[in-house]
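Q: Pasting upload-v3.pdb below, which is PDB, C-alpha atoms.
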```pdb
ATOM      1  CA  MET A   1      -0.042   8.599   1.667  1.00  0.00           C
ATOM      2  CA  VAL A   2      -3.342   9.821   0.272  1.00  0.00           C
ATOM      3  CA  ARG A   3      -4.171  13.239  -1.116  1.00  0.00           C
ATOM      4  CA  ASP A   4      -7.499  15.007  -0.702  1.00  0.00           C
ATOM      5  CA  PRO A   5      -8.902  15.441  -4.244  1.00  0.00           C
ATOM      6  CA  VAL A   6     -10.380  18.845  -3.370  1.00  0.00           C
ATOM      7  CA  THR A   7      -7.769  20.524  -1.161  1.00  0.00           C
ATOM      8  CA  GLY A   8      -4.682  18.584  -2.267  1.00  0.00           C
ATOM      9  CA  LYS A   9      -3.772  18.098   1.400  1.00  0.00           C
ATOM     10  CA  MET A  10      -1.662  15.062   2.264  1.00  0.00           C
ATOM     11  CA  GLY A  11      -2.917  12.424   4.682  1.00  0.00           C
ATOM     12  CA  GLY A  12      -2.783   8.720   5.363  1.00  0.00           C
ATOM     13  CA  VAL A  13      -1.452   6.500   8.135  1.00  0.00           C
ATOM     14  CA  GLY A  14       2.210   6.684   7.105  1.00  0.00           C
ATOM     15  CA  TYR A  15       2.059  10.451   6.671  1.00  0.00           C
ATOM     16  CA  GLU A  16       0.359  11.018  10.041  1.00  0.00           C
ATOM     17  CA  LEU A  17       2.782   8.721  11.866  1.00  0.00           C
ATOM     18  CA  GLY A  18       5.736  10.533  10.294  1.00  0.00           C
ATOM     19  CA  THR A  19       4.287  13.898  11.278  1.00  0.00           C
ATOM     20  CA  ALA A  20       3.726  12.751  14.865  1.00  0.00           C
ATOM     21  CA  LEU A  21       7.215  11.253  15.103  1.00  0.00           C
ATOM     22  CA  ALA A  22       8.851  14.484  13.938  1.00  0.00           C
ATOM     23  CA  ALA A  23       6.801  16.431  16.497  1.00  0.00           C
ATOM     24  CA  ARG A  24       7.856  14.106  19.304  1.00  0.00           C
ATOM     25  CA  LEU A  25      11.512  14.438  18.293  1.00  0.00           C
ATOM     26  CA  GLY A  26      11.168  18.208  17.962  1.00  0.00           C
ATOM     27  CA  VAL A  27      12.611  18.272  14.452  1.00  0.00           C
ATOM     28  CA  PRO A  28      11.283  19.685  11.150  1.00  0.00           C
ATOM     29  CA  LEU A  29       9.338  17.301   8.924  1.00  0.00           C
ATOM     30  CA  GLN A  30      10.526  16.799   5.354  1.00  0.00           C
ATOM     31  CA  VAL A  31       8.141  14.737   3.236  1.00  0.00           C
ATOM     32  CA  MET A  32       9.661  12.669   0.425  1.00  0.00           C
ATOM     33  CA  GLU A  33       6.940  11.616  -1.986  1.00  0.00           C
ATOM     34  CA  PHE A  34       7.422   8.669  -4.362  1.00  0.00           C
ATOM     35  CA  GLY A  35       5.123   7.112  -6.928  1.00  0.00           C
ATOM     36  CA  ALA A  36       6.203   3.514  -6.380  1.00  0.00           C
ATOM     37  CA  PHE A  37       6.868   1.380  -3.329  1.00  0.00           C
ATOM     38  CA  GLY A  38      10.227   0.253  -4.728  1.00  0.00           C
ATOM     39  CA  ASP A  39      11.469   3.847  -4.588  1.00  0.00           C
ATOM     40  CA  VAL A  40      10.311   4.172  -0.967  1.00  0.00           C
ATOM     41  CA  ALA A  41      12.195   0.991  -0.063  1.00  0.00           C
ATOM     42  CA  THR A  42      15.347   2.235  -1.783  1.00  0.00           C
ATOM     43  CA  ALA A  43      15.185   5.618  -0.033  1.00  0.00           C
ATOM     44  CA  ILE A  44      14.892   4.033   3.434  1.00  0.00           C
ATOM     45  CA  ALA A  45      17.461   1.303   2.761  1.00  0.00           C
ATOM     46  CA  SER A  46      19.994   3.882   1.549  1.00  0.00           C
ATOM     47  CA  GLY A  47      19.345   6.264   4.459  1.00  0.00           C
ATOM     48  CA  ARG A  48      17.979   9.061   2.262  1.00  0.00           C
ATOM     49  CA  ALA A  49      14.732   8.701   4.216  1.00  0.00           C
ATOM     50  CA  ASP A  50      14.746   8.200   7.989  1.00  0.00           C
ATOM     51  CA  PHE A  51      11.266   6.767   8.444  1.00  0.00           C
ATOM     52  CA  GLY A  52       8.521   5.561   6.147  1.00  0.00           C
ATOM     53  CA  ALA A  53       5.433   3.452   5.641  1.00  0.00           C
ATOM     54  CA  PHE A  54       6.456  -0.043   4.582  1.00  0.00           C
ATOM     55  CA  ASN A  55       4.881  -3.281   3.403  1.00  0.00           C
ATOM     56  CA  ALA A  56       6.227  -5.745   5.954  1.00  0.00           C
ATOM     57  CA  SER A  57       5.302  -8.593   3.578  1.00  0.00           C
ATOM     58  CA  SER A  58       7.636  -7.299   0.856  1.00  0.00           C
ATOM     59  CA  PRO A  59      10.784  -9.234  -0.105  1.00  0.00           C
ATOM     60  CA  ARG A  60      12.606  -5.916   0.420  1.00  0.00           C
ATOM     61  CA  ALA A  61      11.823  -5.988   4.146  1.00  0.00           C
ATOM     62  CA  SER A  62      15.213  -7.630   4.714  1.00  0.00           C
ATOM     63  CA  GLU A  63      16.941  -4.421   3.530  1.00  0.00           C
ATOM     64  CA  VAL A  64      15.576  -2.269   6.379  1.00  0.00           C
ATOM     65  CA  TRP A  65      14.481  -2.516  10.026  1.00  0.00           C
ATOM     66  CA  VAL A  66      10.709  -3.058  10.015  1.00  0.00           C
ATOM     67  CA  ALA A  67       8.486  -2.599  13.070  1.00  0.00           C
ATOM     68  CA  GLN A  68       5.607  -4.866  14.018  1.00  0.00           C
ATOM     69  CA  PRO A  69       2.609  -4.282  11.699  1.00  0.00           C
ATOM     70  CA  VAL A  70       0.213  -1.479  12.597  1.00  0.00           C
ATOM     71  CA  LEU A  71      -2.511  -2.715  10.248  1.00  0.00           C
ATOM     72  CA  SER A  72      -3.234  -5.433   7.708  1.00  0.00           C
ATOM     73  CA  GLN A  73      -5.112  -5.438   4.418  1.00  0.00           C
ATOM     74  CA  GLU A  74      -6.246  -8.166   2.078  1.00  0.00           C
ATOM     75  CA  SER A  75      -4.937  -7.961  -1.466  1.00  0.00           C
ATOM     76  CA  GLY A  76      -7.406  -8.588  -4.249  1.00  0.00           C
ATOM     77  CA  TYR A  77      -8.623  -7.526  -7.662  1.00  0.00           C
ATOM     78  CA  LEU A  78     -10.537  -4.617  -9.194  1.00  0.00           C
ATOM     79  CA  VAL A  79     -12.423  -5.303 -12.429  1.00  0.00           C
ATOM     80  CA  PRO A  80     -14.245  -2.954 -14.855  1.00  0.00           C
ATOM     81  CA  ALA A  81     -18.029  -2.708 -15.162  1.00  0.00           C
ATOM     82  CA  SER A  82     -18.093  -4.976 -18.215  1.00  0.00           C
ATOM     83  CA  SER A  83     -16.285  -7.857 -16.475  1.00  0.00           C
ATOM     84  CA  THR A  84     -17.913 -11.260 -16.074  1.00  0.00           C
ATOM     85  CA  LEU A  85     -15.364 -12.317 -13.442  1.00  0.00           C
ATOM     86  CA  GLY A  86     -17.147 -13.022 -10.173  1.00  0.00           C
ATOM     87  CA  SER A  87     -14.462 -13.592  -7.558  1.00  0.00           C
ATOM     88  CA  ALA A  88     -10.719 -13.745  -6.966  1.00  0.00           C
ATOM     89  CA  ALA A  89     -10.863 -17.473  -7.719  1.00  0.00           C
ATOM     90  CA  ASP A  90     -11.859 -16.690 -11.338  1.00  0.00           C
ATOM     91  CA  ILE A  91      -8.792 -14.599 -12.186  1.00  0.00           C
ATOM     92  CA  ASP A  92      -6.158 -17.193 -13.075  1.00  0.00           C
ATOM     93  CA  ARG A  93      -7.346 -18.194 -16.518  1.00  0.00           C
ATOM     94  CA  ALA A  94      -6.076 -17.775 -20.061  1.00  0.00           C
ATOM     95  CA  GLY A  95      -6.640 -14.348 -21.609  1.00  0.00           C
ATOM     96  CA  VAL A  96      -6.904 -12.498 -18.274  1.00  0.00           C
ATOM     97  CA  ARG A  97      -4.390  -9.634 -18.035  1.00  0.00           C
ATOM     98  CA  VAL A  98      -3.821  -8.344 -14.519  1.00  0.00           C
ATOM     99  CA  GLY A  99      -2.192  -4.974 -13.918  1.00  0.00           C
ATOM    100  CA  VAL A 100       0.124  -4.524 -10.929  1.00  0.00           C
ATOM    101  CA  GLN A 101       2.404  -1.820  -9.584  1.00  0.00           C
ATOM    102  CA  GLN A 102       5.860  -2.408 -11.058  1.00  0.00           C
ATOM    103  CA  ASN A 103       8.324  -3.915  -8.527  1.00  0.00           C
ATOM    104  CA  SER A 104       5.542  -4.440  -5.983  1.00  0.00           C
ATOM    105  CA  SER A 105       5.008  -7.498  -3.791  1.00  0.00           C
ATOM    106  CA  SER A 106       1.845  -8.186  -5.835  1.00  0.00           C
ATOM    107  CA  GLN A 107       3.924  -8.417  -9.014  1.00  0.00           C
ATOM    108  CA  GLY A 108       6.339 -10.888  -7.441  1.00  0.00           C
ATOM    109  CA  LEU A 109       3.671 -13.066  -5.850  1.00  0.00           C
ATOM    110  CA  LEU A 110       1.305 -13.231  -8.833  1.00  0.00           C
ATOM    111  CA  THR A 111       4.142 -13.824 -11.317  1.00  0.00           C
ATOM    112  CA  ARG A 112       5.121 -16.856  -9.252  1.00  0.00           C
ATOM    113  CA  THR A 113       1.619 -18.223  -8.675  1.00  0.00           C
ATOM    114  CA  PHE A 114      -0.359 -17.579 -11.873  1.00  0.00           C
ATOM    115  CA  LYS A 115      -0.619 -20.589 -14.138  1.00  0.00           C
ATOM    116  CA  ALA A 116      -2.638 -19.011 -16.973  1.00  0.00           C
ATOM    117  CA  ALA A 117      -3.300 -15.303 -16.346  1.00  0.00           C
ATOM    118  CA  THR A 118      -0.766 -12.675 -17.423  1.00  0.00           C
ATOM    119  CA  VAL A 119       0.819 -10.078 -15.094  1.00  0.00           C
ATOM    120  CA  VAL A 120       1.134  -6.572 -16.609  1.00  0.00           C
ATOM    121  CA  PRO A 121       3.514  -4.297 -14.619  1.00  0.00           C
ATOM    122  CA  LEU A 122       2.549  -0.600 -14.618  1.00  0.00           C
ATOM    123  CA  PRO A 123       4.594   2.386 -13.369  1.00  0.00           C
ATOM    124  CA  ASN A 124       1.619   3.790 -11.426  1.00  0.00           C
ATOM    125  CA  LEU A 125      -2.174   3.725 -11.042  1.00  0.00           C
ATOM    126  CA  GLN A 126      -2.886   6.640 -13.339  1.00  0.00           C
ATOM    127  CA  GLY A 127      -3.307   4.575 -16.489  1.00  0.00           C
ATOM    128  CA  VAL A 128      -5.683   1.970 -15.045  1.00  0.00           C
ATOM    129  CA  PRO A 129      -8.991   3.733 -15.907  1.00  0.00           C
ATOM    130  CA  GLN A 130      -7.971   4.174 -19.552  1.00  0.00           C
ATOM    131  CA  MET A 131      -6.631   0.608 -19.809  1.00  0.00           C
ATOM    132  CA  PHE A 132      -9.934  -0.702 -18.446  1.00  0.00           C
ATOM    133  CA  ALA A 133     -11.869   1.447 -20.926  1.00  0.00           C
ATOM    134  CA  SER A 134      -9.755   0.323 -23.903  1.00  0.00           C
ATOM    135  CA  GLY A 135      -9.842  -3.356 -22.937  1.00  0.00           C
ATOM    136  CA  GLN A 136      -6.110  -3.624 -22.239  1.00  0.00           C
ATOM    137  CA  LEU A 137      -6.635  -5.007 -18.722  1.00  0.00           C
ATOM    138  CA  GLU A 138      -9.168  -7.430 -17.278  1.00  0.00           C
ATOM    139  CA  ALA A 139      -8.210  -6.660 -13.660  1.00  0.00           C
ATOM    140  CA  TYR A 140      -5.888  -4.669 -11.423  1.00  0.00           C
ATOM    141  CA  ALA A 141      -4.314  -6.203  -8.313  1.00  0.00           C
ATOM    142  CA  THR A 142      -3.124  -4.599  -5.078  1.00  0.00           C
ATOM    143  CA  ASN A 143      -4.316  -4.197  -1.487  1.00  0.00           C
ATOM    144  CA  LYS A 144      -8.039  -3.605  -1.103  1.00  0.00           C
ATOM    145  CA  GLY A 145      -7.632  -0.212   0.544  1.00  0.00           C
ATOM    146  CA  ILE A 146      -6.152   1.117  -2.704  1.00  0.00           C
ATOM    147  CA  LEU A 147      -8.639  -0.839  -4.821  1.00  0.00           C
ATOM    148  CA  PHE A 148     -11.682   0.654  -3.086  1.00  0.00           C
ATOM    149  CA  ASP A 149     -10.237   4.144  -3.566  1.00  0.00           C
ATOM    150  CA  LEU A 150      -9.515   3.431  -7.233  1.00  0.00           C
ATOM    151  CA  SER A 151     -13.007   2.014  -7.733  1.00  0.00           C
ATOM    152  CA  ASP A 152     -14.500   5.355  -6.694  1.00  0.00           C
ATOM    153  CA  ARG A 153     -12.804   6.893  -9.733  1.00  0.00           C
ATOM    154  CA  ILE A 154     -13.862   4.236 -12.259  1.00  0.00           C
ATOM    155  CA  PRO A 155     -17.670   4.149 -12.695  1.00  0.00           C
ATOM    156  CA  GLY A 156     -19.110   0.656 -12.464  1.00  0.00           C
ATOM    157  CA  SER A 157     -15.852  -1.009 -11.422  1.00  0.00           C
ATOM    158  CA  ARG A 158     -15.926  -3.347  -8.449  1.00  0.00           C
ATOM    159  CA  VAL A 159     -13.604  -5.076  -6.002  1.00  0.00           C
ATOM    160  CA  LEU A 160     -14.028  -8.831  -6.307  1.00  0.00           C
ATOM    161  CA  PRO A 161     -14.813 -11.001  -3.269  1.00  0.00           C
ATOM    162  CA  GLY A 162     -11.861 -13.074  -2.098  1.00  0.00           C
ATOM    163  CA  SER A 163      -8.151 -12.302  -1.989  1.00  0.00           C
ATOM    164  CA  PHE A 164      -4.766 -13.638  -3.044  1.00  0.00           C
ATOM    165  CA  SER A 165      -2.775 -12.534   0.020  1.00  0.00           C
ATOM    166  CA  THR A 166      -2.783 -10.366   3.129  1.00  0.00           C
ATOM    167  CA  GLU A 167      -0.359  -7.440   3.343  1.00  0.00           C
ATOM    168  CA  HIS A 168       0.947  -6.326   6.714  1.00  0.00           C
ATOM    169  CA  GLN A 169       1.576  -2.579   6.761  1.00  0.00           C
ATOM    170  CA  SER A 170       4.175  -1.160   9.099  1.00  0.00           C
ATOM    171  CA  VAL A 171       6.909   1.457   9.245  1.00  0.00           C
ATOM    172  CA  ALA A 172      10.622   1.106   8.673  1.00  0.00           C
ATOM    173  CA  ILE A 173      13.894   2.881   9.411  1.00  0.00           C
ATOM    174  CA  PRO A 174      17.337   2.274   7.862  1.00  0.00           C
ATOM    175  CA  LYS A 175      19.337  -0.657   9.187  1.00  0.00           C
ATOM    176  CA  GLY A 176      22.186   0.183  11.548  1.00  0.00           C
ATOM    177  CA  ARG A 177      20.257   2.675  13.659  1.00  0.00           C
ATOM    178  CA  ASP A 178      19.893   0.287  16.572  1.00  0.00           C
ATOM    179  CA  ALA A 179      19.906   3.058  19.175  1.00  0.00           C
ATOM    180  CA  GLY A 180      16.695   4.433  17.692  1.00  0.00           C
ATOM    181  CA  VAL A 181      14.760   1.160  17.613  1.00  0.00           C
ATOM    182  CA  PRO A 182      13.410   1.277  21.218  1.00  0.00           C
ATOM    183  CA  PHE A 183      12.215   4.833  20.623  1.00  0.00           C
ATOM    184  CA  VAL A 184      10.356   3.858  17.453  1.00  0.00           C
ATOM    185  CA  VAL A 185       8.801   0.817  19.162  1.00  0.00           C
ATOM    186  CA  SER A 186       7.629   2.974  22.083  1.00  0.00           C
ATOM    187  CA  PHE A 187       6.299   5.638  19.706  1.00  0.00           C
ATOM    188  CA  LEU A 188       4.228   3.092  17.754  1.00  0.00           C
ATOM    189  CA  GLU A 189       2.827   1.550  20.950  1.00  0.00           C
ATOM    190  CA  ASP A 190       1.710   5.019  22.036  1.00  0.00           C
ATOM    191  CA  ALA A 191       0.214   5.662  18.584  1.00  0.00           C
ATOM    192  CA  ARG A 192      -1.899   2.515  18.906  1.00  0.00           C
ATOM    193  CA  ARG A 193      -2.990   3.175  22.500  1.00  0.00           C
ATOM    194  CA  SER A 194      -3.849   6.823  21.885  1.00  0.00           C
ATOM    195  CA  GLY A 195      -6.015   5.986  18.877  1.00  0.00           C
ATOM    196  CA  LEU A 196      -3.761   7.844  16.420  1.00  0.00           C
ATOM    197  CA  VAL A 197      -3.523   4.857  14.048  1.00  0.00           C
ATOM    198  CA  LYS A 198      -7.280   4.229  14.149  1.00  0.00           C
ATOM    199  CA  GLU A 199      -8.082   7.918  13.602  1.00  0.00           C
ATOM    200  CA  ALA A 200      -5.565   8.160  10.734  1.00  0.00           C
ATOM    201  CA  VAL A 201      -7.242   5.176   9.061  1.00  0.00           C
ATOM    202  CA  GLU A 202     -10.640   6.867   9.425  1.00  0.00           C
ATOM    203  CA  ARG A 203      -9.403  10.235   8.146  1.00  0.00           C
ATOM    204  CA  ALA A 204      -7.858   8.544   5.104  1.00  0.00           C
ATOM    205  CA  ARG A 205     -11.142   6.656   4.576  1.00  0.00           C
ATOM    206  CA  LEU A 206      -9.282   3.375   4.209  1.00  0.00           C
ATOM    207  CA  ARG A 207     -11.510   0.348   3.723  1.00  0.00           C
ATOM    208  CA  GLY A 208     -10.784  -3.327   4.286  1.00  0.00           C
ATOM    209  CA  VAL A 209      -8.325  -2.577   7.116  1.00  0.00           C
ATOM    210  CA  ILE A 210      -7.571  -4.722  10.172  1.00  0.00           C
ATOM    211  CA  LEU A 211      -5.874  -2.784  12.988  1.00  0.00           C
ATOM    212  CA  ARG A 212      -3.039  -4.535  14.814  1.00  0.00           C
TER     213      ARG A 212
END
```
For the structure just supplied, provide its representation as structure tokens.
A:
Amino acid sequence: MVRDPVTGKMGGVGYELGTALAARLGVPLQVMEFGAFGDVATAIASGRADFGAFNASSPRASEVWVAQPVLSQESGYLVPASSTLGSAADIDRAGVRVGVQQNSSSQGLLTRTFKAATVVPLPNLQGVPQMFASGQLEAYATNKGILFDLSDRIPGSRVLPGSFSTEHQSVAIPKGRDAGVPFVVSFLEDARRSGLVKEAVERARLRGVILR
């Protein structure tokens, strides 16, 4: 989900797919907004949410039914204007502190793979600009769609060339709702064919996206 900074209106691929699904079912739409992916996963896994955007690459994918990916994004690093780091290959060195969303797939992957850099879990993105300015972080890691958006709000910051993984973005429903799976599959196929996914990506101004 993304929010227009001027109007405050919600948008994004997951939001638009949820809106279209509710319309097709002929039921009211209730949006449940969370600040962290882990909370989204918990809501779907527990059945509090019926449908949601989901990182198919997440270890938590086993807790829900996940559809085939609708788009993919490279995951990489954002660095402040003062940084001398030139590419993703330069990150894993002593003294480099890398912020990540707490309980995200980036946290799990980088914690396992870093040999010298330090992973710094953060509750949300809001503190990244100040942590860059105060020298508390050398980089922030997540998918490049989010990084490009964040870079627009931090003067001089840049997304480094290269990546550390590719995230496959999809949608999920709670496990045990087998009767609804064919409907969801058919709905997503129609969303691809009709151009809804592509148009939602464009309206959200997502960058670094590969449509599936």
Q: Take atom CA of A:Pro80 and atom CA of A:Val120 and report the distance between them in Å, one decimal.
A: 15.9 Å
Q: Take the PyMOL selection byres ((chain A and resi 175-182) around 8), apply it to the structure above, and return the hits as JSON, numbers by chain.
A: {"A": [45, 63, 64, 65, 173, 174, 183, 184, 185, 186]}
Q: Residues near A:Ser151, anyone? I mean within 12 Å using all atoms listed in the file, not counting same-chain ones fewer than 4 positions away, as a PyMOL selection string.
A: chain A and resi 77-81+125+128-129+132+139-141+144-147+155-160+207
Q: Name the closest residue to A:Val13 among the candidates A:Ser75, A:Ser194, A:Asn103, A:Gln169; distances are taken between atoms, counting only C-alpha atoms.
A: A:Gln169
Q: Do you know which residues the PyMOL selection byres ((chain A and resi 20) around 12) returns on this file, as a list in words?
A: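 When the PyMOL selection byres ((chain A and resi 20) around 12) is applied to the shown file, the picked residues are Val13, Gly14, Tyr15, Glu16, Leu17, Gly18, Thr19, Leu21, Ala22, Ala23, Arg24, Leu25, Gly26, Val27, Pro28, Leu29, Phe51, Val184, Phe187, Leu188, Asp190, Ala191, Ser194, Leu196, Val197 and Ala200 of chain A.
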Q: What is the atom CA of A:Ser105 to atom CA of A:Ser62 distance in Å?
A: 13.3 Å
Q: Using all atoms listed in the file, can you tell me which of A:Gly11, A:Ile210, A:Ala172, A:Gly95 comes closest to A:Ile44?
A: A:Ala172
Q: Once the PyMOL selection byres ((chain A and resi 99) around 9) has been evaluated on this model, what residues remain selected, and can you format them as a list of chain:residue names?
A: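 When the PyMOL selection byres ((chain A and resi 99) around 9) is applied, the selected residues are A:Arg97, A:Val98, A:Val100, A:Gln101, A:Gln102, A:Gln107, A:Thr118, A:Val119, A:Val120, A:Pro121, A:Leu122, A:Val128, A:Leu137, A:Glu138, A:Ala139, A:Tyr140, A:Ala141, A:Thr142.
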Q: Work out how far apart atom CA of A:Met1 and atom CA of A:Gly35 are and give it in Å to one decimal.
A: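 Taking atom CA of A:Met1 and atom CA of A:Gly35, their separation equals 10.1 Å.
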Q: Just checking: using only C-alpha atoms, which residue out of A:Val66, A:Leu211, A:Val171, A:Leu206 ends up closest to A:Val2?
A: A:Leu206
Q: (11.4, 3.8, -0.5) in this file's frame - what residues fall within 10 Å of it? Use all atoms listed in the file and give the answer as a list in words.
A: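 Output: Met32, Glu33, Phe34, Gly35, Ala36, Phe37, Gly38, Asp39, Val40, Ala41, Thr42, Ala43, Ile44, Ala45, Ser46, Gly47, Arg48, Ala49, Phe51, Gly52, Ala53, Phe54, Arg60 and Ala172 of chain A.
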Q: Taking all atoms listed in the file into account, name the residue in A:Leu150, A:Asn143, A:Ser83, A:Ser104 that is nearest to A:Gln126.
A: A:Leu150
Q: For each of A:Glu74, A:Asn55, A:Gly12, A:Leu85, take the minimum atom-to-atom distance to A:Glu202, counting all atoms listed in the file, then give the residue where this is smallest.
A: A:Gly12
